[in-house]
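Participant: Provided herewith: coords.txt, compact mmCIF, C-alpha atoms.
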```txt
# COMPACT_ATOMS: atom_id res chain seq x y z
CA ALA A 1 0.00 0.00 0.00
CA GLN A 2 1.11 3.51 -0.72
CA SER A 3 2.02 5.80 2.14
CA VAL A 4 3.53 9.19 2.81
CA ALA A 5 5.32 10.32 5.94
CA GLN A 6 5.88 13.91 6.94
CA PRO A 7 7.99 13.46 10.03
CA GLU A 8 7.62 17.00 11.36
CA ASP A 9 4.27 18.31 12.55
CA GLN A 10 5.70 21.82 12.83
CA VAL A 11 8.63 23.63 11.26
CA ASN A 12 9.70 27.06 12.44
CA VAL A 13 12.04 29.22 10.42
CA ALA A 14 13.12 32.84 10.49
CA GLU A 15 12.15 35.07 7.60
CA GLY A 16 14.91 35.15 5.00
CA ASN A 17 16.33 31.79 6.03
CA PRO A 18 16.07 28.69 3.84
CA LEU A 19 13.30 26.27 4.65
CA THR A 20 12.87 22.53 4.19
CA VAL A 21 9.72 20.50 4.71
CA LYS A 22 10.42 16.78 4.68
CA CYS A 23 8.50 14.02 2.94
CA THR A 24 9.22 10.34 2.45
CA TYR A 25 7.05 7.92 0.56
CA SER A 26 6.40 4.27 -0.02
CA VAL A 27 4.97 3.05 -3.32
CA SER A 28 5.35 0.17 -5.74
CA GLY A 29 6.96 1.35 -8.92
CA ASN A 30 7.82 4.88 -9.93
CA PRO A 31 5.83 7.46 -8.00
CA TYR A 32 3.98 10.57 -8.97
CA LEU A 33 4.65 13.05 -6.16
CA PHE A 34 2.90 16.30 -5.32
CA TRP A 35 3.16 19.16 -2.87
CA TYR A 36 0.17 21.25 -1.86
CA VAL A 37 -0.24 24.19 0.49
CA GLN A 38 -3.30 25.03 2.53
CA TYR A 39 -3.98 28.43 4.04
CA PRO A 40 -6.50 28.81 6.87
CA ASN A 41 -10.07 28.05 5.83
CA ARG A 42 -9.01 27.42 2.24
CA GLY A 43 -8.66 24.45 -0.08
CA LEU A 44 -5.44 22.87 -1.27
CA GLN A 45 -3.27 24.88 -3.61
CA PHE A 46 -0.95 23.04 -5.99
CA LEU A 47 2.75 23.90 -5.64
CA LEU A 48 4.65 21.39 -7.75
CA LYS A 49 4.84 17.79 -8.88
CA TYR A 50 7.35 15.16 -9.90
CA ILE A 51 6.38 12.74 -12.65
CA THR A 52 9.64 11.84 -14.32
CA GLY A 53 12.85 13.42 -15.52
CA ASP A 54 14.94 15.98 -13.64
CA ASN A 55 15.09 15.22 -9.93
CA LEU A 56 14.90 18.91 -9.03
CA VAL A 57 11.43 20.26 -9.63
CA LYS A 58 10.63 23.95 -9.55
CA GLY A 59 7.18 25.15 -8.63
CA SER A 60 5.11 28.13 -7.65
CA TYR A 61 6.16 30.98 -5.34
CA GLY A 62 9.86 30.07 -5.43
CA PHE A 63 9.39 26.58 -4.02
CA GLU A 64 11.29 23.59 -5.32
CA ALA A 65 11.54 19.94 -4.38
CA GLU A 66 14.16 17.29 -4.86
CA PHE A 67 13.22 13.74 -5.74
CA ASN A 68 15.59 11.16 -4.27
CA LYS A 69 14.74 7.66 -5.36
CA SER A 70 17.28 5.86 -3.19
CA GLN A 71 16.05 7.62 -0.06
CA THR A 72 12.41 7.62 -1.24
CA SER A 73 12.18 11.28 -0.34
CA PHE A 74 10.68 14.38 -1.89
CA HIS A 75 11.61 17.29 0.35
CA LEU A 76 10.16 20.74 -0.29
CA LYS A 77 12.59 23.65 -0.18
CA LYS A 78 12.76 27.38 -0.56
CA PRO A 79 15.96 29.43 -0.44
CA SER A 80 14.48 32.39 1.46
CA ALA A 81 11.32 32.07 3.54
CA LEU A 82 8.62 34.73 3.69
CA VAL A 83 6.13 35.33 6.49
CA SER A 84 3.41 34.75 3.90
CA ASP A 85 4.70 31.18 3.42
CA SER A 86 3.25 30.30 6.84
CA ALA A 87 0.67 27.61 6.13
CA LEU A 88 0.00 23.87 6.21
CA TYR A 89 1.92 21.83 3.65
CA PHE A 90 0.94 18.43 2.33
CA CYS A 91 2.96 15.89 0.40
CA ALA A 92 1.04 13.34 -1.66
CA VAL A 93 1.86 10.28 -3.76
CA THR A 94 0.01 8.31 -6.36
CA ARG A 95 0.74 5.45 -8.69
CA GLY A 96 -2.05 3.15 -9.57
CA THR A 97 -4.30 4.49 -6.82
CA PRO A 98 -5.83 7.77 -5.72
CA LEU A 99 -3.68 10.40 -4.06
CA VAL A 100 -2.43 9.43 -0.63
CA PHE A 101 -1.54 12.38 1.57
CA GLY A 102 0.80 12.84 4.45
CA LYS A 103 -0.50 14.25 7.73
CA GLY A 104 0.76 17.71 6.87
CA THR A 105 3.48 19.98 8.24
CA ARG A 106 2.66 23.35 9.66
CA LEU A 107 5.24 25.90 8.59
CA SER A 108 5.65 29.01 10.67
CA VAL A 109 7.90 31.78 9.34
CA ILE A 110 8.83 34.26 12.00
CA ALA A 111 9.62 37.88 11.14
CA LYS B 1 -9.82 29.85 -16.72
CA ALA B 2 -12.09 29.20 -13.74
CA GLY B 3 -10.88 26.84 -11.04
CA VAL B 4 -12.70 24.07 -9.25
CA THR B 5 -15.92 25.46 -7.81
CA GLN B 6 -17.62 23.94 -4.80
CA THR B 7 -20.99 24.84 -3.34
CA PRO B 8 -22.07 25.48 -0.72
CA ARG B 9 -19.01 26.73 1.11
CA TYR B 10 -20.49 26.39 4.58
CA LEU B 11 -23.44 24.49 5.91
CA ILE B 12 -24.83 23.24 9.18
CA LYS B 13 -26.96 20.12 9.37
CA THR B 14 -28.62 18.12 12.11
CA ARG B 15 -27.84 14.50 12.89
CA GLY B 16 -29.92 12.17 10.78
CA GLN B 17 -30.36 14.62 7.93
CA GLN B 18 -28.76 14.24 4.54
CA VAL B 19 -26.62 16.66 2.58
CA THR B 20 -25.64 17.15 -1.04
CA LEU B 21 -22.45 18.93 -2.04
CA SER B 22 -21.71 20.11 -5.54
CA CYS B 23 -18.51 20.43 -7.53
CA SER B 24 -17.83 21.96 -10.93
CA PRO B 25 -14.42 20.90 -12.26
CA ILE B 26 -12.10 22.95 -14.41
CA SER B 27 -13.35 23.12 -17.96
CA GLY B 28 -12.11 20.14 -19.95
CA HIS B 29 -11.33 18.01 -16.92
CA ARG B 30 -13.06 14.66 -16.92
CA SER B 31 -11.99 13.33 -13.55
CA VAL B 32 -13.53 14.51 -10.30
CA SER B 33 -12.54 13.12 -6.94
CA TRP B 34 -13.67 13.86 -3.41
CA TYR B 35 -11.71 13.97 -0.17
CA GLN B 36 -12.69 14.41 3.45
CA GLN B 37 -10.41 16.44 5.69
CA THR B 38 -10.62 16.27 9.47
CA PRO B 39 -8.10 17.25 12.15
CA GLY B 40 -7.90 13.69 13.42
CA GLN B 41 -7.82 11.67 10.20
CA GLY B 42 -6.26 14.15 7.81
CA LEU B 43 -7.12 13.89 4.13
CA GLN B 44 -8.99 10.75 3.19
CA PHE B 45 -10.08 9.71 -0.28
CA LEU B 46 -13.81 9.21 -0.78
CA PHE B 47 -14.26 8.40 -4.47
CA GLU B 48 -13.29 9.32 -8.00
CA TYR B 49 -15.53 9.72 -11.02
CA PHE B 50 -14.41 9.71 -14.61
CA SER B 51 -16.78 10.16 -17.53
CA GLU B 52 -19.79 9.56 -15.27
CA THR B 53 -18.41 6.28 -13.89
CA GLN B 54 -17.07 5.68 -10.42
CA ARG B 55 -13.51 4.57 -10.94
CA ASN B 56 -12.21 4.33 -7.39
CA LYS B 57 -13.77 4.25 -3.97
CA GLY B 58 -12.28 4.79 -0.54
CA ASN B 59 -13.12 3.11 2.74
CA PHE B 60 -16.22 5.00 3.69
CA PRO B 61 -19.64 3.59 4.58
CA GLY B 62 -22.42 3.39 2.04
CA ARG B 63 -23.96 6.55 3.48
CA PHE B 64 -21.43 8.39 1.34
CA SER B 65 -22.28 8.37 -2.33
CA GLY B 66 -21.61 10.40 -5.39
CA ARG B 67 -22.31 10.83 -9.03
CA GLN B 68 -21.03 12.64 -12.05
CA PHE B 69 -23.05 14.23 -14.79
CA SER B 70 -22.37 14.37 -18.51
CA ASN B 71 -20.91 17.86 -18.16
CA SER B 72 -18.40 16.45 -15.60
CA ARG B 73 -20.03 18.25 -12.70
CA SER B 74 -20.22 16.05 -9.64
CA GLU B 75 -22.27 15.78 -6.50
CA MET B 76 -21.65 13.86 -3.34
CA ASN B 77 -24.35 12.91 -0.89
CA VAL B 78 -24.13 11.93 2.74
CA SER B 79 -27.25 10.38 4.24
CA THR B 80 -28.14 9.90 7.89
CA LEU B 81 -25.55 12.38 9.04
CA GLU B 82 -23.48 11.66 12.13
CA LEU B 83 -21.50 14.09 14.27
CA GLY B 84 -18.30 12.51 12.97
CA ASP B 85 -19.17 13.58 9.43
CA SER B 86 -18.30 17.16 10.35
CA ALA B 87 -15.40 17.95 8.08
CA LEU B 88 -14.08 19.91 5.15
CA TYR B 89 -15.05 18.15 1.94
CA LEU B 90 -12.70 18.84 -0.91
CA CYS B 91 -13.32 18.27 -4.57
CA ALA B 92 -10.46 17.85 -7.01
CA SER B 93 -10.35 17.73 -10.76
CA SER B 94 -7.83 16.59 -13.31
CA MET B 95 -7.73 16.01 -17.01
CA ASP B 96 -7.45 12.25 -17.10
CA GLY B 97 -7.61 11.02 -13.56
CA LEU B 98 -5.71 10.47 -10.37
CA ASN B 99 -3.22 8.03 -11.83
CA SER B 100 -2.29 9.87 -15.00
CA GLY B 101 0.37 12.22 -13.71
CA ASN B 102 -1.85 15.16 -14.60
CA THR B 103 -1.93 18.00 -12.12
CA ILE B 104 -4.80 17.61 -9.67
CA TYR B 105 -6.49 20.85 -8.69
CA PHE B 106 -8.60 21.31 -5.59
CA GLY B 107 -11.52 23.54 -4.84
CA GLU B 108 -11.97 25.70 -1.74
CA GLY B 109 -14.01 23.01 -0.06
CA SER B 110 -17.38 22.72 1.63
CA TRP B 111 -17.36 23.03 5.39
CA LEU B 112 -19.96 20.73 6.88
CA THR B 113 -20.90 20.95 10.53
CA VAL B 114 -23.26 18.34 11.95
CA VAL B 115 -24.99 19.27 15.20
```
What is this structure when it is put down as structure tokens?

Facilitator:
Amino acid sequence: AQSVAQPEDQVNVAEGNPLTVKCTYSVSGNPYLFWYVQYPNRGLQFLLKYITGDNLVKGSYGFEAEFNKSQTSFHLKKPSALVSDSALYFCAVTRGTPLVFGKGTRLSVIA
Amino acid sequence: KAGVTQTPRYLIKTRGQQVTLSCSPISGHRSVSWYQQTPGQGLQFLFEYFSETQRNKGNFPGRFSGRQFSNSRSEMNVSTLELGDSALYLCASSMDGLNSGNTIYFGEGSWLTVV
């Protein structure tokens, strides 16, 4: 069965510092991986996805993610965090089944 | 291009009642899926419809049902509401389905409170 782990419930980072939100996955075969962000009382907003090809994926709002097959990871990164990046972030995987989401990581960027 | 539209955004129902939620996917998208989001269980898959046919179903009781119309619009219905059905219900659409690698776009959700 497919699964996603986001090992950190909460990540705190100072504004201007780089941020990383971790995600590891388990799936049979090659995965399709997604990152979404959720702001309070809103739906999920697509950030980026990995389907195939270059392991470094660039997405919206300056976010990027690196696919690492050997470590089965897909960590979300941003070189310089903004206060407006504070939100709930979800990693998701699919391959042969509907999207399976991680529990989410709450990112707090402190001014 | 309009995004995924869900109605109503907020609603309050009483235990035992039923509710119908509506979702209009992005124009041209044939797949519509539904997810339930709660603080305790996170995001859980309900079902996926593609070209008016249910293609996948999650582990929810039969009280949860859905359908898709010829214009790809979808509705989900929950009968005999329970307090535990209080949640954010999210609709998502994609061009060819959840397993295609297409980007999956979500709506703003319908907040259901059961009292």

Participant: What does the distance between atom CA of Gln10 of chain A and atom CA of Thr103 of chain B come to in Å, to one decimal place?

Facilitator: 26.4 Å

Participant: Quick one: of A:Gly16, A:Gly59, A:Gly43, A:Gly102, who's nearest to Ser110 of chain B, counting only C-alpha atoms?

Facilitator: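 Among A:Gly16, A:Gly59, A:Gly43, A:Gly102, it is A:Gly43 that comes nearest to Ser110 of chain B.
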
Participant: Kindly indicate which residue among A:Cys91, A:Leu76, A:Asn17, A:Ser26 lies nearest to chain B, using only C-alpha atoms for the distances.

Facilitator: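 Answer, going by the shortest atom-to-atom distance: A:Cys91.
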
Participant: Using all atoms listed in the file, I'd like every residue of chain B that has an atom within 12 Å of chain A; please write them out as a VMD selection string.

Facilitator: chain B and resid 3 to 6 9 to 10 31 to 49 55 to 58 87 to 94 97 to 111

Participant: What does the distance from atom CA of Leu19 of chain A to atom CA of Lys69 of chain A come to in Å, to one decimal?

Facilitator: 21.2 Å

Participant: In Å, with one decimal, what is the gap from atom CA of Ser84 of chain A to atom CA of Ala65 of chain A?

Facilitator: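 Calculated distance between atom CA of Ser84 of chain A and atom CA of Ala65 of chain A is 18.8 Å.
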
Participant: Closest to Leu21 of chain B among B:Ser65, B:Ser70, B:Asn77, B:Ser86, using only C-alpha atoms?

Facilitator: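 Result for the nearest residue to Leu21 of chain B: B:Asn77.
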
Participant: Just need the box for segment 24-37 of chain A, edges along x, y and z, holding every atom the file lists for it with 3 Å tacked onto each side, so centre and edge lengths in Å to one decimal, as lines of an AutoDock Vina configuration file.

Facilitator:
```
center_x = 4.5
center_y = 12.2
center_z = -3.7
size_x = 15.5
size_y = 30.0
size_z = 18.4
```

Participant: If you count all atoms listed in the file, which residues fall within 9 Å of Lys13 of chain B, apart from same-chain ones fewer than 6 positions away, as an mmCIF file with C-alpha atoms, keeping the file's coordinate frame?

Facilitator:
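After the write, part_30.cif holds the following:
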```cif
data_model
loop_
_atom_site.group_PDB
_atom_site.id
_atom_site.type_symbol
_atom_site.label_atom_id
_atom_site.label_comp_id
_atom_site.auth_asym_id
_atom_site.auth_seq_id
_atom_site.Cartn_x
_atom_site.Cartn_y
_atom_site.Cartn_z
ATOM 1 C CA VAL B 19 -26.620 16.660 2.580
ATOM 2 C CA LEU B 81 -25.550 12.380 9.040
ATOM 3 C CA LEU B 112 -19.960 20.730 6.880
ATOM 4 C CA THR B 113 -20.900 20.950 10.530
ATOM 5 C CA VAL B 114 -23.260 18.340 11.950
ATOM 6 C CA VAL B 115 -24.990 19.270 15.200
#
```
